[in-house]
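Asker: Structure below; questions to follow.
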Amino acid sequence: MIAIGCDHAGYDLKSDIIGHLSQKGYQIIDIGCNGEPTDYPAIAEMVAREVTGGTCEKGILICGTGIGMSIAANKIKGIRAALCSEEYSAKYTRLHNDANILCMGARTIGSGLAIEIVDIFLNTEFEGGRHQRRVDLITDMEKSII
């Protein structure tokens with residue numbers, strides 16, 4: 001299951017992605033918004049909690065640039081949110097970082113590219129190996145945060 005959320009700037013792109021993922025058979029939890037003015041940190045937290053709580057395997061967050069969503073989501077313990085605006089980063093954030101939330105900017109990329117990025121993100125498995133040690137170091141950093 002995939003959790004997806006956006007602020008008002010990302011609503012149209014979120015709708016395009018939901019349509020695409022639904023056609024591919026993915027189960028989606030739409031966290032919102034529905035086009036109304038929305039504070040992105042609240043949406044980022046809700047999506048992140050769906051992922052850390054185990055309801056959803058991965059999440060997708062969209063705002064104007066994707067920056068605010070990625071900053072907010074990464075405040076939640078256990079989240080590795082990555083802002084991606086091209087395919088290479090989407091692939092390698094999964095392979096090497098085991099990112100569990102994809103963030104994108106609706107004002108920086110178009111729908112076609114966003115859908116390609118989503119497909120790569122969702123279909124790329126974590127490589128593990130030497131990269132697991134690095135992900136573990138990130139997890140250890142979270143444990144030491146006061």
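FYI, nothing fancy with the structure tokens labels: chains A, B, ... in order, residues from 1 per chain, ligands from 1 as they appear.
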List the spatial neighbours of Tyr40 (chain A) as a ChimeraX atom specification - criterion: any atom at most 6 Å away, only C-alpha atoms, same-chain residues fewer than 2 positions off excluded.
Answerer: /A:7,42-43
Asker: If we count only C-alpha atoms, what is near Gly53 (chain A) at a cut-off of 12 Å, once residues fewer than 6 positions away on the same chain are taken out, given as a PyMOL selection string?
Answerer: chain A and resi 3+45-47+59+76-79
Asker: Can those selected residues be exported to a file as a PDB file, in the first residue's frame so that it contains C-alpha atoms?
Answerer:
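Result file follows (part38.pdb):
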ATOM      1  CA  ALA A   3       0.394   6.663   1.150  1.00  0.00           C
ATOM      2  CA  GLU A  45       3.624  13.920   9.127  1.00  0.00           C
ATOM      3  CA  MET A  46       0.464  11.966   8.330  1.00  0.00           C
ATOM      4  CA  VAL A  47       2.067  10.207   5.343  1.00  0.00           C
ATOM      5  CA  GLY A  59       4.921   7.173   0.687  1.00  0.00           C
ATOM      6  CA  ILE A  76       9.831  11.596  11.749  1.00  0.00           C
ATOM      7  CA  LYS A  77      11.966   8.793  13.191  1.00  0.00           C
ATOM      8  CA  GLY A  78      12.360   5.975  10.676  1.00  0.00           C
ATOM      9  CA  ILE A  79      11.713   8.077   7.594  1.00  0.00           C
TER      10      ILE A  79
END
Asker: Find, counting only C-alpha atoms, the residue in A:Ile145, A:Cys63, A:Ala99, A:Ile4 that gets nearest to Ile17 (chain A).
Answerer: A:Ile4
Asker: With only C-alpha atoms as the counted atoms, please give the residues lying no more than 12 Å from Gly10 (chain A), apart from itself and same-chain residues fewer than 5 positions off, as a ChimeraX atom specification.
Answerer: /A:4-5,15-17,32-40,43,60-66,68-69,103-111,114
Asker: Can you write out the residues you just picked, keeping N, CA and C atoms, as an mmCIF file, in the first residue's frame?
Answerer:
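The new file selection.cif reads:
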data_model
loop_
_atom_site.group_PDB
_atom_site.id
_atom_site.type_symbol
_atom_site.label_atom_id
_atom_site.label_comp_id
_atom_site.auth_asym_id
_atom_site.auth_seq_id
_atom_site.Cartn_x
_atom_site.Cartn_y
_atom_site.Cartn_z
ATOM 1 N N ILE A 4 -0.087 8.682 -0.086
ATOM 2 C CA ILE A 4 0.259 9.840 -0.903
ATOM 3 C C ILE A 4 -0.434 11.071 -0.338
ATOM 4 N N GLY A 5 0.313 12.169 -0.322
ATOM 5 C CA GLY A 5 -0.242 13.413 0.177
ATOM 6 C C GLY A 5 0.398 14.602 -0.517
ATOM 7 N N SER A 15 -3.174 13.990 -8.171
ATOM 8 C CA SER A 15 -4.298 13.339 -8.864
ATOM 9 C C SER A 15 -3.813 12.520 -10.054
ATOM 10 N N ASP A 16 -2.860 13.064 -10.819
ATOM 11 C CA ASP A 16 -2.300 12.329 -11.959
ATOM 12 C C ASP A 16 -1.604 11.050 -11.494
ATOM 13 N N ILE A 17 -0.849 11.149 -10.422
ATOM 14 C CA ILE A 17 -0.105 9.988 -9.912
ATOM 15 C C ILE A 17 -1.060 8.937 -9.364
ATOM 16 N N GLY A 32 -4.570 13.489 1.418
ATOM 17 C CA GLY A 32 -5.027 14.849 1.120
ATOM 18 C C GLY A 32 -3.857 15.645 0.598
ATOM 19 N N CYS A 33 -4.076 16.850 0.344
ATOM 20 C CA CYS A 33 -5.269 17.660 0.447
ATOM 21 C C CYS A 33 -6.114 17.487 -0.821
ATOM 22 N N ASN A 34 -7.229 18.164 -0.846
ATOM 23 C CA ASN A 34 -8.116 18.102 -2.011
ATOM 24 C C ASN A 34 -8.177 19.421 -2.750
ATOM 25 N N GLY A 35 -7.083 20.154 -2.707
ATOM 26 C CA GLY A 35 -6.971 21.415 -3.421
ATOM 27 C C GLY A 35 -7.092 22.645 -2.539
ATOM 28 N N GLU A 36 -7.590 22.460 -1.320
ATOM 29 C CA GLU A 36 -7.746 23.602 -0.406
ATOM 30 C C GLU A 36 -6.378 24.005 0.161
ATOM 31 N N PRO A 37 -6.227 25.271 0.571
ATOM 32 C CA PRO A 37 -4.963 25.680 1.201
ATOM 33 C C PRO A 37 -4.641 24.772 2.388
ATOM 34 N N THR A 38 -3.413 24.278 2.410
ATOM 35 C CA THR A 38 -3.010 23.266 3.383
ATOM 36 C C THR A 38 -1.585 23.532 3.837
ATOM 37 N N ASP A 39 -1.316 23.292 5.096
ATOM 38 C CA ASP A 39 0.044 23.389 5.624
ATOM 39 C C ASP A 39 0.754 22.061 5.373
ATOM 40 N N TYR A 40 1.796 22.100 4.554
ATOM 41 C CA TYR A 40 2.465 20.865 4.146
ATOM 42 C C TYR A 40 3.044 20.046 5.299
ATOM 43 N N ILE A 43 0.561 17.329 6.443
ATOM 44 C CA ILE A 43 0.398 16.246 5.467
ATOM 45 C C ILE A 43 1.627 15.340 5.491
ATOM 46 N N ILE A 60 4.498 8.949 -0.865
ATOM 47 C CA ILE A 60 4.805 9.962 -1.878
ATOM 48 C C ILE A 60 4.255 11.280 -1.353
ATOM 49 N N LEU A 61 5.083 12.319 -1.397
ATOM 50 C CA LEU A 61 4.686 13.653 -0.955
ATOM 51 C C LEU A 61 4.982 14.673 -2.044
ATOM 52 N N ILE A 62 4.049 15.596 -2.251
ATOM 53 C CA ILE A 62 4.191 16.590 -3.303
ATOM 54 C C ILE A 62 3.810 17.961 -2.760
ATOM 55 N N CYS A 63 4.684 18.929 -2.978
ATOM 56 C CA CYS A 63 4.356 20.329 -2.722
ATOM 57 C C CYS A 63 4.913 21.134 -3.897
ATOM 58 N N GLY A 64 5.013 22.432 -3.765
ATOM 59 C CA GLY A 64 5.477 23.244 -4.886
ATOM 60 C C GLY A 64 6.854 22.845 -5.378
ATOM 61 N N THR A 65 7.809 22.750 -4.456
ATOM 62 C CA THR A 65 9.179 22.368 -4.816
ATOM 63 C C THR A 65 9.559 20.972 -4.345
ATOM 64 N N GLY A 66 8.834 20.435 -3.387
ATOM 65 C CA GLY A 66 9.187 19.167 -2.767
ATOM 66 C C GLY A 66 10.134 19.329 -1.590
ATOM 67 N N GLY A 68 9.973 21.473 1.145
ATOM 68 C CA GLY A 68 9.304 21.531 2.446
ATOM 69 C C GLY A 68 8.819 20.178 2.904
ATOM 70 N N MET A 69 8.220 19.429 1.990
ATOM 71 C CA MET A 69 7.744 18.083 2.330
ATOM 72 C C MET A 69 8.890 17.192 2.774
ATOM 73 N N CYS A 103 9.657 12.462 -2.454
ATOM 74 C CA CYS A 103 9.125 13.827 -2.480
ATOM 75 C C CYS A 103 9.398 14.430 -3.856
ATOM 76 N N MET A 104 8.415 15.190 -4.346
ATOM 77 C CA MET A 104 8.559 15.841 -5.651
ATOM 78 C C MET A 104 7.935 17.220 -5.604
ATOM 79 N N GLY A 105 8.387 18.064 -6.523
ATOM 80 C CA GLY A 105 7.865 19.420 -6.644
ATOM 81 C C GLY A 105 6.980 19.564 -7.860
ATOM 82 N N ALA A 106 5.723 19.897 -7.624
ATOM 83 C CA ALA A 106 4.765 20.047 -8.726
ATOM 84 C C ALA A 106 5.093 21.244 -9.608
ATOM 85 N N ARG A 107 5.803 22.222 -9.066
ATOM 86 C CA ARG A 107 6.161 23.408 -9.844
ATOM 87 C C ARG A 107 7.523 23.274 -10.510
ATOM 88 N N THR A 108 8.174 22.130 -10.319
ATOM 89 C CA THR A 108 9.508 21.955 -10.893
ATOM 90 C C THR A 108 9.591 20.847 -11.933
ATOM 91 N N ILE A 109 8.629 19.916 -11.922
ATOM 92 C CA ILE A 109 8.617 18.841 -12.922
ATOM 93 C C ILE A 109 7.192 18.640 -13.429
ATOM 94 N N GLY A 110 7.093 18.095 -14.609
ATOM 95 C CA GLY A 110 5.785 17.828 -15.193
ATOM 96 C C GLY A 110 5.269 16.453 -14.809
ATOM 97 N N SER A 111 4.040 16.210 -15.170
ATOM 98 C CA SER A 111 3.349 14.973 -14.820
ATOM 99 C C SER A 111 4.024 13.737 -15.421
ATOM 100 N N ALA A 114 7.203 13.006 -13.552
ATOM 101 C CA ALA A 114 6.858 12.583 -12.186
ATOM 102 C C ALA A 114 6.413 11.129 -12.165
#
Asker: Under the rule that only C-alpha atoms are counted, which of A:His8, A:Gly112, A:Asp30, A:Phe121 is the nearest residue to Cys84 (chain A)?
Answerer: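 That would be A:Phe121, the residue with the smallest distance to Cys84 (chain A).
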Asker: Please return, as a VMD selection string, all residues of region 63-128 of chain A that DSSP assigns to helix (DSSP H, G or I) on the basis of the backbone.
Answerer: chain A and resid 67 to 73 87 to 95 111 to 123
Asker: So the first atom is CA of Lys24 (chain A) and the second is CA of Glu50 (chain A); what is the distance between them in Å, to one decimal place?
Answerer: 21.0 Å
Asker: Calculated over only C-alpha atoms, which of the candidates A:Met141, A:Ile31, A:Ile120, A:Ile115 has the smallest distance to Gly19 (chain A)?
Answerer: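 Among the listed residues, the smallest separation from Gly19 (chain A) belongs to A:Ile115.
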Asker: Could you give me the residues within chain A that DSSP places in strand (DSSP E or B), as a VMD selection string?
Answerer: chain A and resid 2 to 6 28 to 32 58 to 63 81 to 83 101 to 105
Asker: So the first atom is CA of Ala73 (chain A) and the second is CA of Arg130 (chain A); what is the distance between them in Å, to one decimal place?
Answerer: 25.1 Å
Asker: May I ask for the distance between CA of Glu127 (chain A) and CA of Leu95 (chain A), given in Å to one decimal place?
Answerer: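 Going from CA of Glu127 (chain A) over to CA of Leu95 (chain A) covers 4.9 Å.
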Asker: List the spatial neighbours of Glu86 (chain A) as a PyMOL selection string - criterion: any atom at most 8 Å away, only C-alpha atoms, same-chain residues fewer than 4 positions off excluded.
Answerer: chain A and resi 90+113+117
